[in-house]
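**Q** File name my_file.cif; file contents mmCIF, C-alpha atoms; full text below.
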```cif
data_work
loop_
_atom_site.label_atom_id
_atom_site.label_comp_id
_atom_site.auth_asym_id
_atom_site.auth_seq_id
_atom_site.Cartn_x
_atom_site.Cartn_y
_atom_site.Cartn_z
CA MET A 1 3.34 -71.35 -43.58
CA THR A 2 3.59 -74.75 -45.25
CA THR A 3 0.67 -75.99 -47.28
CA GLN A 4 0.06 -79.69 -47.45
CA ALA A 5 -0.66 -81.32 -50.78
CA PRO A 6 -4.08 -82.92 -50.99
CA ALA A 7 -4.22 -86.70 -50.66
CA PRO A 8 -4.44 -88.57 -53.98
CA LEU A 9 -7.97 -89.43 -55.03
CA HIS A 10 -9.24 -92.98 -54.71
CA TRP A 11 -10.54 -94.19 -58.08
CA LYS A 12 -11.88 -97.20 -59.95
CA ILE A 13 -12.55 -97.98 -63.58
CA VAL A 14 -16.28 -98.52 -64.25
CA ILE A 15 -17.23 -100.76 -67.17
CA ASP A 16 -20.77 -101.09 -68.53
CA ALA A 17 -21.92 -104.68 -68.99
CA ALA A 18 -24.95 -106.75 -69.95
CA ASP A 19 -23.86 -109.40 -67.41
CA PRO A 20 -21.65 -107.75 -64.77
CA HIS A 21 -20.98 -110.98 -62.88
CA ALA A 22 -19.75 -112.85 -65.95
CA GLN A 23 -17.56 -109.87 -66.85
CA ALA A 24 -16.20 -109.74 -63.29
CA ASP A 25 -15.34 -113.43 -63.47
CA PHE A 26 -13.59 -112.98 -66.82
CA TRP A 27 -11.53 -109.97 -65.69
CA ALA A 28 -10.73 -111.49 -62.29
CA GLY A 29 -9.32 -114.47 -64.18
CA ALA A 30 -7.57 -112.32 -66.79
CA LEU A 31 -5.84 -110.09 -64.23
CA HIS A 32 -5.48 -112.66 -61.40
CA TYR A 33 -7.72 -110.37 -59.34
CA THR A 34 -10.29 -111.25 -56.66
CA ALA A 35 -14.03 -110.70 -56.95
CA GLU A 36 -15.18 -108.49 -54.09
CA ASP A 37 -17.37 -110.06 -51.44
CA ASN A 38 -20.05 -107.49 -50.57
CA SER A 39 -22.33 -110.07 -48.94
CA ALA A 40 -22.13 -108.54 -45.43
CA LEU A 41 -23.20 -105.16 -46.83
CA VAL A 42 -25.95 -106.73 -48.95
CA GLU A 43 -27.31 -108.67 -45.93
CA ARG A 44 -27.18 -105.54 -43.74
CA LEU A 45 -29.08 -103.49 -46.36
CA LEU A 46 -31.66 -106.29 -46.76
CA SER A 47 -32.21 -106.46 -42.99
CA LEU A 48 -32.72 -102.68 -42.83
CA GLY A 49 -35.22 -102.79 -45.69
CA ALA A 50 -32.95 -100.53 -47.75
CA LEU A 51 -32.56 -103.15 -50.47
CA SER A 52 -35.20 -105.38 -52.02
CA GLY A 53 -34.75 -109.06 -52.79
CA GLU A 54 -35.08 -108.19 -56.49
CA ALA A 55 -31.86 -106.17 -56.24
CA ILE A 56 -29.72 -109.16 -55.31
CA VAL A 57 -28.44 -112.36 -56.92
CA GLU A 58 -26.40 -115.27 -55.68
CA TYR A 59 -22.79 -114.91 -56.80
CA HIS A 60 -20.17 -117.47 -55.82
CA GLY A 61 -22.58 -118.87 -53.23
CA ARG A 62 -23.28 -115.59 -51.46
CA PRO A 63 -25.73 -112.69 -51.84
CA ALA A 64 -24.51 -109.90 -54.13
CA PHE A 65 -25.84 -106.79 -55.79
CA ARG A 66 -27.70 -107.69 -58.99
CA ASP A 67 -26.41 -104.78 -61.04
CA LEU A 68 -22.92 -104.09 -59.65
CA VAL A 69 -19.85 -106.17 -58.91
CA ALA A 70 -16.18 -105.29 -58.65
CA VAL A 71 -12.86 -107.08 -58.79
CA ARG A 72 -9.74 -105.93 -56.98
CA HIS A 73 -6.05 -106.65 -56.78
CA PRO A 74 -5.69 -109.41 -54.14
CA ASP A 75 -2.91 -107.56 -52.28
CA ASP A 76 -4.81 -104.27 -51.96
CA PRO A 77 -6.64 -103.30 -48.78
CA TYR A 78 -10.41 -103.48 -48.53
CA ASP A 79 -13.11 -102.45 -46.09
CA PRO A 80 -14.07 -105.63 -44.16
CA GLU A 81 -17.52 -104.22 -43.31
CA THR A 82 -18.51 -103.71 -46.96
CA GLY A 83 -16.02 -105.86 -48.89
CA THR A 84 -15.20 -102.82 -51.03
CA GLY A 85 -11.63 -102.62 -52.30
CA LEU A 86 -9.54 -99.59 -51.45
CA GLY A 87 -7.01 -99.91 -54.24
CA ARG A 88 -6.88 -101.11 -57.84
CA ARG A 89 -10.45 -102.00 -58.88
CA LEU A 90 -12.70 -102.61 -61.85
CA LEU A 91 -16.42 -102.14 -61.24
CA PHE A 92 -18.91 -103.70 -63.65
CA GLN A 93 -22.39 -102.14 -63.82
CA ARG A 94 -25.41 -103.53 -65.64
CA VAL A 95 -26.69 -101.42 -68.53
CA PRO A 96 -29.54 -102.30 -70.90
CA GLU A 97 -27.87 -101.36 -74.18
CA PRO A 98 -25.19 -103.48 -75.88
CA LYS A 99 -21.75 -102.21 -76.82
CA THR A 100 -21.94 -100.81 -80.36
CA VAL A 101 -18.70 -98.91 -81.13
CA LYS A 102 -15.01 -98.96 -80.31
CA ASN A 103 -14.07 -98.31 -76.68
CA ARG A 104 -12.84 -94.82 -75.81
CA LEU A 105 -10.86 -96.37 -72.94
CA HIS A 106 -9.25 -99.79 -72.81
CA LEU A 107 -6.85 -101.85 -70.73
CA ASP A 108 -3.40 -102.91 -71.86
CA LEU A 109 -2.11 -106.13 -70.31
CA HIS A 110 1.68 -106.24 -70.26
CA ALA A 111 2.81 -109.85 -70.65
CA GLY A 112 6.03 -109.11 -72.54
CA PRO A 113 7.07 -110.57 -75.90
CA GLU A 114 8.23 -113.85 -74.38
CA ARG A 115 4.85 -114.53 -72.68
CA ARG A 116 2.46 -112.84 -75.10
CA ALA A 117 1.37 -115.98 -77.02
CA ASP A 118 0.77 -117.96 -73.83
CA GLU A 119 -1.18 -115.10 -72.29
CA VAL A 120 -3.33 -114.71 -75.42
CA ALA A 121 -4.10 -118.46 -75.32
CA ARG A 122 -4.97 -118.27 -71.59
CA LEU A 123 -7.30 -115.31 -72.20
CA GLN A 124 -8.97 -117.12 -75.11
CA ALA A 125 -9.63 -120.05 -72.77
CA LEU A 126 -11.34 -117.58 -70.40
CA GLY A 127 -13.64 -116.39 -73.21
CA ALA A 128 -11.74 -113.61 -75.02
CA ARG A 129 -11.21 -113.57 -78.76
CA VAL A 130 -8.39 -112.26 -80.91
CA LEU A 131 -9.39 -109.36 -83.16
CA ARG A 132 -6.00 -108.87 -84.81
CA GLU A 133 -2.27 -108.95 -84.30
CA VAL A 134 -0.59 -105.57 -84.61
CA ARG A 135 3.01 -105.12 -85.76
CA GLU A 136 4.09 -101.50 -86.04
CA PRO A 137 7.40 -99.66 -85.68
CA ALA A 138 6.20 -98.58 -82.23
CA GLY A 139 5.75 -102.19 -81.08
CA GLN A 140 3.76 -105.38 -81.30
CA TRP A 141 0.61 -106.41 -79.49
CA VAL A 142 -2.54 -108.46 -79.88
CA LEU A 143 -5.88 -106.66 -79.95
CA MET A 144 -8.48 -108.80 -78.18
CA ALA A 145 -12.11 -108.53 -77.08
CA ASP A 146 -13.54 -109.71 -73.77
CA PRO A 147 -16.74 -111.84 -73.74
CA GLU A 148 -18.93 -108.74 -74.26
CA GLY A 149 -16.78 -107.29 -77.04
CA ASN A 150 -14.77 -104.69 -75.10
CA GLU A 151 -11.37 -104.28 -76.73
CA PHE A 152 -8.11 -104.64 -74.82
CA CYS A 153 -4.49 -105.18 -75.82
CA VAL A 154 -1.93 -107.77 -74.80
CA GLN A 155 1.57 -106.37 -75.19
#
```
Rewrite the structure of this file - the entire thing - as structure tokens.
**A**
Amino acid sequence: MTTQAPAPLHWKIVIDAADPHAQADFWAGALHYTAEDNSALVERLLSLGALSGEAIVEYHGRPAFRDLVAVRHPDDPYDPETGTGLGRRLLFQRVPEPKTVKNRLHLDLHAGPERRADEVARLQALGARVLREVREPAGQWVLMADPEGNEFCVQ
């Protein structure tokens, strides 16, 4: 009897944010990702009375969840009924407390040594700031912070 391996789990990285929509815009720009369009789902939930008007905002000219928004890789599949990505995603959720300590998880953006300086400049133009440049025997990278202070590295 042959046993079949279970299918890989679908996953996303969830990031707490004071302003999830601004964070989604920053990271969509940083990664060349696409902000998810959940407007059909939001409108359906509103029409069913399952969602109040206080739970939505206008985002890129369409109704969106007030406290949640995701970005996805533009080539990955998504559910057309909900707009939810089915591949590489970052989900930003509103939380009341600000970031206070170093991240336990962070993203590394791999630009390569020949593109690192240009990528750092592009990310600064999107709202990131350089925290420090790291040169170690193991490699070189730039430690940066997104607009809400979450650290990430550009290698």
**Q** Selection in question (the file shown): the PyMOL selection byres ((chain A and resi 62) around 10). Which residues does it include, as an NGL selection string?
**A** :A and (37-40 or 42-43 or 56-61 or 63-64)
**Q** Taking the file as shown, what set of residues would the PyMOL selection byres ((chain A and resi 72-78) around 9) give back, as a PDB file with C-alpha atoms, in the coordinates of the input?
**A**
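Result went into out_1.pdb, see below:
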```pdb
ATOM      1  CA  ALA A  28     -10.730-111.490 -62.290  1.00  0.00           C
ATOM      2  CA  LEU A  31      -5.840-110.090 -64.230  1.00  0.00           C
ATOM      3  CA  HIS A  32      -5.480-112.660 -61.400  1.00  0.00           C
ATOM      4  CA  TYR A  33      -7.720-110.370 -59.340  1.00  0.00           C
ATOM      5  CA  THR A  34     -10.290-111.250 -56.660  1.00  0.00           C
ATOM      6  CA  ALA A  35     -14.030-110.700 -56.950  1.00  0.00           C
ATOM      7  CA  GLU A  36     -15.180-108.490 -54.090  1.00  0.00           C
ATOM      8  CA  ALA A  70     -16.180-105.290 -58.650  1.00  0.00           C
ATOM      9  CA  VAL A  71     -12.860-107.080 -58.790  1.00  0.00           C
ATOM     10  CA  ASP A  79     -13.110-102.450 -46.090  1.00  0.00           C
ATOM     11  CA  PRO A  80     -14.070-105.630 -44.160  1.00  0.00           C
ATOM     12  CA  GLU A  81     -17.520-104.220 -43.310  1.00  0.00           C
ATOM     13  CA  THR A  82     -18.510-103.710 -46.960  1.00  0.00           C
ATOM     14  CA  GLY A  83     -16.020-105.860 -48.890  1.00  0.00           C
ATOM     15  CA  THR A  84     -15.200-102.820 -51.030  1.00  0.00           C
ATOM     16  CA  GLY A  85     -11.630-102.620 -52.300  1.00  0.00           C
ATOM     17  CA  LEU A  86      -9.540 -99.590 -51.450  1.00  0.00           C
ATOM     18  CA  GLY A  87      -7.010 -99.910 -54.240  1.00  0.00           C
ATOM     19  CA  ARG A  88      -6.880-101.110 -57.840  1.00  0.00           C
ATOM     20  CA  ARG A  89     -10.450-102.000 -58.880  1.00  0.00           C
ATOM     21  CA  LEU A  90     -12.700-102.610 -61.850  1.00  0.00           C
ATOM     22  CA  LEU A  91     -16.420-102.140 -61.240  1.00  0.00           C
TER      23      LEU A  91
END
```
**Q** Between CA of Trp141 in chain A and CA of Asp118 in chain A, what distance in Å does the model show, to one decimal?
**A**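 About the pair CA of Trp141 in chain A and CA of Asp118 in chain A: they are 12.9 Å apart.
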**Q** Might you spell out which residues the PyMOL selection byres ((chain A and resi 113-116) around 10) would select in the displayed file, as a short mmCIF file (atom, residue, chain, number, x, y, z; two decimals) with C-alpha atoms, in the frame of the given file?
**A**
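Everything below was put into selection-v1.cif:
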```
data_model
loop_
_atom_site.label_atom_id
_atom_site.label_comp_id
_atom_site.auth_asym_id
_atom_site.auth_seq_id
_atom_site.Cartn_x
_atom_site.Cartn_y
_atom_site.Cartn_z
CA LEU A 109 -2.11 -106.13 -70.31
CA HIS A 110 1.68 -106.24 -70.26
CA ALA A 111 2.81 -109.85 -70.65
CA GLY A 112 6.03 -109.11 -72.54
CA ALA A 117 1.37 -115.98 -77.02
CA ASP A 118 0.77 -117.96 -73.83
CA GLU A 119 -1.18 -115.10 -72.29
CA VAL A 120 -3.33 -114.71 -75.42
CA ALA A 121 -4.10 -118.46 -75.32
CA ARG A 122 -4.97 -118.27 -71.59
CA GLY A 139 5.75 -102.19 -81.08
CA GLN A 140 3.76 -105.38 -81.30
CA TRP A 141 0.61 -106.41 -79.49
CA VAL A 142 -2.54 -108.46 -79.88
CA VAL A 154 -1.93 -107.77 -74.80
CA GLN A 155 1.57 -106.37 -75.19
#
```
**Q** Figure out the distance between CA of Asp146 in chain A and CA of Gly127 in chain A, please, to one decimal in Å.
**A**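 Going from CA of Gly127 in chain A over to CA of Asp146 in chain A, I get 6.7 Å.
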**Q** Using Å and a single decimal, report how far CA of Ala125 in chain A sits from CA of Pro98 in chain A.
**A**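 Atom-to-atom, CA of Pro98 in chain A to CA of Ala125 in chain A, that is 22.9 Å.
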**Q** Just give me the residues with any atom within 6 Å of (-30.4, -106.5, -52.9), file coordinates, counting all atoms listed in the file, written as a PyMOL selection string.
**A** chain A and resi 42+51-53+55-56+65
**Q** Next, write the just-selected residues to a file, as an mmCIF file, keeping the file's coordinate frame, keeping C-alpha atoms as the atom set.
**A**
```cif
data_model
loop_
_atom_site.group_PDB
_atom_site.id
_atom_site.type_symbol
_atom_site.label_atom_id
_atom_site.label_comp_id
_atom_site.auth_asym_id
_atom_site.auth_seq_id
_atom_site.Cartn_x
_atom_site.Cartn_y
_atom_site.Cartn_z
ATOM 1 C CA VAL A 42 -25.950 -106.730 -48.950
ATOM 2 C CA LEU A 51 -32.560 -103.150 -50.470
ATOM 3 C CA SER A 52 -35.200 -105.380 -52.020
ATOM 4 C CA GLY A 53 -34.750 -109.060 -52.790
ATOM 5 C CA ALA A 55 -31.860 -106.170 -56.240
ATOM 6 C CA ILE A 56 -29.720 -109.160 -55.310
ATOM 7 C CA PHE A 65 -25.840 -106.790 -55.790
#
```
**Q** Give the answer as one residue: which of A:Phe92, A:Thr3, A:Leu41, A:Arg104 has the shortest atom-to-atom distance to Asp25 in chain A, using all atoms listed in the file?
**A**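 Of all the options, A:Phe92 lies closest to Asp25 in chain A.
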**Q** For Leu126 in chain A, which residue out of A:Phe26, A:Ala17, A:Asp108, A:Glu54 is the nearest one, using all atoms listed in the file?
**A** A:Phe26
**Q** Which is closest to Met144 in chain A among A:Ala18, A:Ala30, A:Val69, A:Ala7, if we use all atoms listed in the file?
**A** A:Ala30
**Q** For each of A:Ala145, A:Leu107, A:Leu131, A:Cys153, take the minimum atom-to-atom distance to Ile13 in chain A, counting only C-alpha atoms, then give the residue where this is smallest.
**A**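 With only C-alpha atoms as the atom set, the closest residue is A:Leu107.
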**Q** Leaving out Lys99 in chain A and any residue of its chain fewer than 5 positions from it, which residues lie within 8 Å of it when counting all atoms listed in the file, given as a PyMOL selection string?
**A** chain A and resi 148-150
**Q** Restricting the calculation to only C-alpha atoms: of A:Ser47, A:Pro147, A:Gln4, A:Gln124, which residue gets closest to Ala22 in chain A?
**A**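 Checking each of A:Ser47, A:Pro147, A:Gln4, A:Gln124 against Ala22 in chain A, counting only C-alpha atoms, the winner is A:Pro147.
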**Q** Rebuild N, CA, C and O atoms on range 81-101 of chain A, as a PDB file, in the coordinates of the input?
**A**
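Once everything was written out, this is out.pdb:
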```pdb
ATOM      1  N   GLU A  81     -16.086-104.354 -43.575  1.00  0.00           N
ATOM      2  CA  GLU A  81     -17.520-104.220 -43.310  1.00  0.00           C
ATOM      3  C   GLU A  81     -18.349-104.215 -44.592  1.00  0.00           C
ATOM      4  O   GLU A  81     -19.515-104.598 -44.573  1.00  0.00           O
ATOM      5  N   THR A  82     -17.754-103.785 -45.705  1.00  0.00           N
ATOM      6  CA  THR A  82     -18.510-103.710 -46.960  1.00  0.00           C
ATOM      7  C   THR A  82     -17.936-104.617 -48.037  1.00  0.00           C
ATOM      8  O   THR A  82     -18.608-104.885 -49.028  1.00  0.00           O
ATOM      9  N   GLY A  83     -16.687-105.056 -47.874  1.00  0.00           N
ATOM     10  CA  GLY A  83     -16.020-105.860 -48.890  1.00  0.00           C
ATOM     11  C   GLY A  83     -15.479-105.027 -50.040  1.00  0.00           C
ATOM     12  O   GLY A  83     -14.930-105.564 -50.993  1.00  0.00           O
ATOM     13  N   THR A  84     -15.619-103.716 -49.962  1.00  0.00           N
ATOM     14  CA  THR A  84     -15.200-102.820 -51.030  1.00  0.00           C
ATOM     15  C   THR A  84     -13.691-102.615 -51.019  1.00  0.00           C
ATOM     16  O   THR A  84     -13.126-102.260 -49.988  1.00  0.00           O
ATOM     17  N   GLY A  85     -13.070-102.822 -52.172  1.00  0.00           N
ATOM     18  CA  GLY A  85     -11.630-102.620 -52.300  1.00  0.00           C
ATOM     19  C   GLY A  85     -11.249-101.161 -52.162  1.00  0.00           C
ATOM     20  O   GLY A  85     -12.020-100.260 -52.503  1.00  0.00           O
ATOM     21  N   LEU A  86     -10.043-100.940 -51.659  1.00  0.00           N
ATOM     22  CA  LEU A  86      -9.540 -99.590 -51.450  1.00  0.00           C
ATOM     23  C   LEU A  86      -8.304 -99.316 -52.295  1.00  0.00           C
ATOM     24  O   LEU A  86      -7.490 -98.467 -51.984  1.00  0.00           O
ATOM     25  N   GLY A  87      -8.176-100.060 -53.373  1.00  0.00           N
ATOM     26  CA  GLY A  87      -7.010 -99.910 -54.240  1.00  0.00           C
ATOM     27  C   GLY A  87      -7.412-100.075 -55.695  1.00  0.00           C
ATOM     28  O   GLY A  87      -8.407 -99.525 -56.147  1.00  0.00           O
ATOM     29  N   ARG A  88      -6.668-100.906 -56.400  1.00  0.00           N
ATOM     30  CA  ARG A  88      -6.880-101.110 -57.840  1.00  0.00           C
ATOM     31  C   ARG A  88      -8.140-101.946 -58.071  1.00  0.00           C
ATOM     32  O   ARG A  88      -8.196-103.108 -57.671  1.00  0.00           O
ATOM     33  N   ARG A  89      -9.153-101.341 -58.718  1.00  0.00           N
ATOM     34  CA  ARG A  89     -10.450-102.000 -58.880  1.00  0.00           C
ATOM     35  C   ARG A  89     -11.038-101.772 -60.259  1.00  0.00           C
ATOM     36  O   ARG A  89     -10.831-100.731 -60.870  1.00  0.00           O
ATOM     37  N   LEU A  90     -11.833-102.749 -60.689  1.00  0.00           N
ATOM     38  CA  LEU A  90     -12.700-102.610 -61.850  1.00  0.00           C
ATOM     39  C   LEU A  90     -14.111-102.880 -61.358  1.00  0.00           C
ATOM     40  O   LEU A  90     -14.358-103.910 -60.729  1.00  0.00           O
ATOM     41  N   LEU A  91     -15.029-101.983 -61.636  1.00  0.00           N
ATOM     42  CA  LEU A  91     -16.420-102.140 -61.240  1.00  0.00           C
ATOM     43  C   LEU A  91     -17.253-102.343 -62.496  1.00  0.00           C
ATOM     44  O   LEU A  91     -17.167-101.550 -63.442  1.00  0.00           O
ATOM     45  N   PHE A  92     -18.048-103.399 -62.515  1.00  0.00           N
ATOM     46  CA  PHE A  92     -18.910-103.700 -63.650  1.00  0.00           C
ATOM     47  C   PHE A  92     -20.344-103.364 -63.264  1.00  0.00           C
ATOM     48  O   PHE A  92     -20.832-103.826 -62.237  1.00  0.00           O
ATOM     49  N   GLN A  93     -21.003-102.541 -64.099  1.00  0.00           N
ATOM     50  CA  GLN A  93     -22.390-102.140 -63.820  1.00  0.00           C
ATOM     51  C   GLN A  93     -23.284-102.560 -64.986  1.00  0.00           C
ATOM     52  O   GLN A  93     -22.916-102.422 -66.141  1.00  0.00           O
ATOM     53  N   ARG A  94     -24.448-103.081 -64.623  1.00  0.00           N
ATOM     54  CA  ARG A  94     -25.410-103.530 -65.640  1.00  0.00           C
ATOM     55  C   ARG A  94     -25.999-102.325 -66.369  1.00  0.00           C
ATOM     56  O   ARG A  94     -26.396-101.342 -65.741  1.00  0.00           O
ATOM     57  N   VAL A  95     -26.018-102.416 -67.689  1.00  0.00           N
ATOM     58  CA  VAL A  95     -26.690-101.420 -68.530  1.00  0.00           C
ATOM     59  C   VAL A  95     -27.554-102.176 -69.540  1.00  0.00           C
ATOM     60  O   VAL A  95     -27.232-103.307 -69.909  1.00  0.00           O
ATOM     61  N   PRO A  96     -28.647-101.580 -69.999  1.00  0.00           N
ATOM     62  CA  PRO A  96     -29.540-102.300 -70.900  1.00  0.00           C
ATOM     63  C   PRO A  96     -29.050-102.374 -72.348  1.00  0.00           C
ATOM     64  O   PRO A  96     -29.390-103.299 -73.073  1.00  0.00           O
ATOM     65  N   GLU A  97     -28.262-101.404 -72.773  1.00  0.00           N
ATOM     66  CA  GLU A  97     -27.870-101.360 -74.180  1.00  0.00           C
ATOM     67  C   GLU A  97     -26.562-102.116 -74.408  1.00  0.00           C
ATOM     68  O   GLU A  97     -25.685-102.132 -73.562  1.00  0.00           O
ATOM     69  N   PRO A  98     -26.435-102.760 -75.575  1.00  0.00           N
ATOM     70  CA  PRO A  98     -25.190-103.480 -75.880  1.00  0.00           C
ATOM     71  C   PRO A  98     -24.101-102.514 -76.338  1.00  0.00           C
ATOM     72  O   PRO A  98     -24.383-101.379 -76.736  1.00  0.00           O
ATOM     73  N   LYS A  99     -22.880-102.972 -76.299  1.00  0.00           N
ATOM     74  CA  LYS A  99     -21.750-102.210 -76.820  1.00  0.00           C
ATOM     75  C   LYS A  99     -21.923-102.137 -78.343  1.00  0.00           C
ATOM     76  O   LYS A  99     -22.234-103.133 -78.978  1.00  0.00           O
ATOM     77  N   THR A 100     -21.731-100.942 -78.915  1.00  0.00           N
ATOM     78  CA  THR A 100     -21.940-100.810 -80.360  1.00  0.00           C
ATOM     79  C   THR A 100     -20.758-100.232 -81.110  1.00  0.00           C
ATOM     80  O   THR A 100     -20.685-100.367 -82.320  1.00  0.00           O
ATOM     81  N   VAL A 101     -19.849 -99.534 -80.440  1.00  0.00           N
ATOM     82  CA  VAL A 101     -18.700 -98.910 -81.130  1.00  0.00           C
ATOM     83  C   VAL A 101     -17.418 -99.190 -80.353  1.00  0.00           C
ATOM     84  O   VAL A 101     -17.451 -99.742 -79.263  1.00  0.00           O
TER      85      VAL A 101
END
```
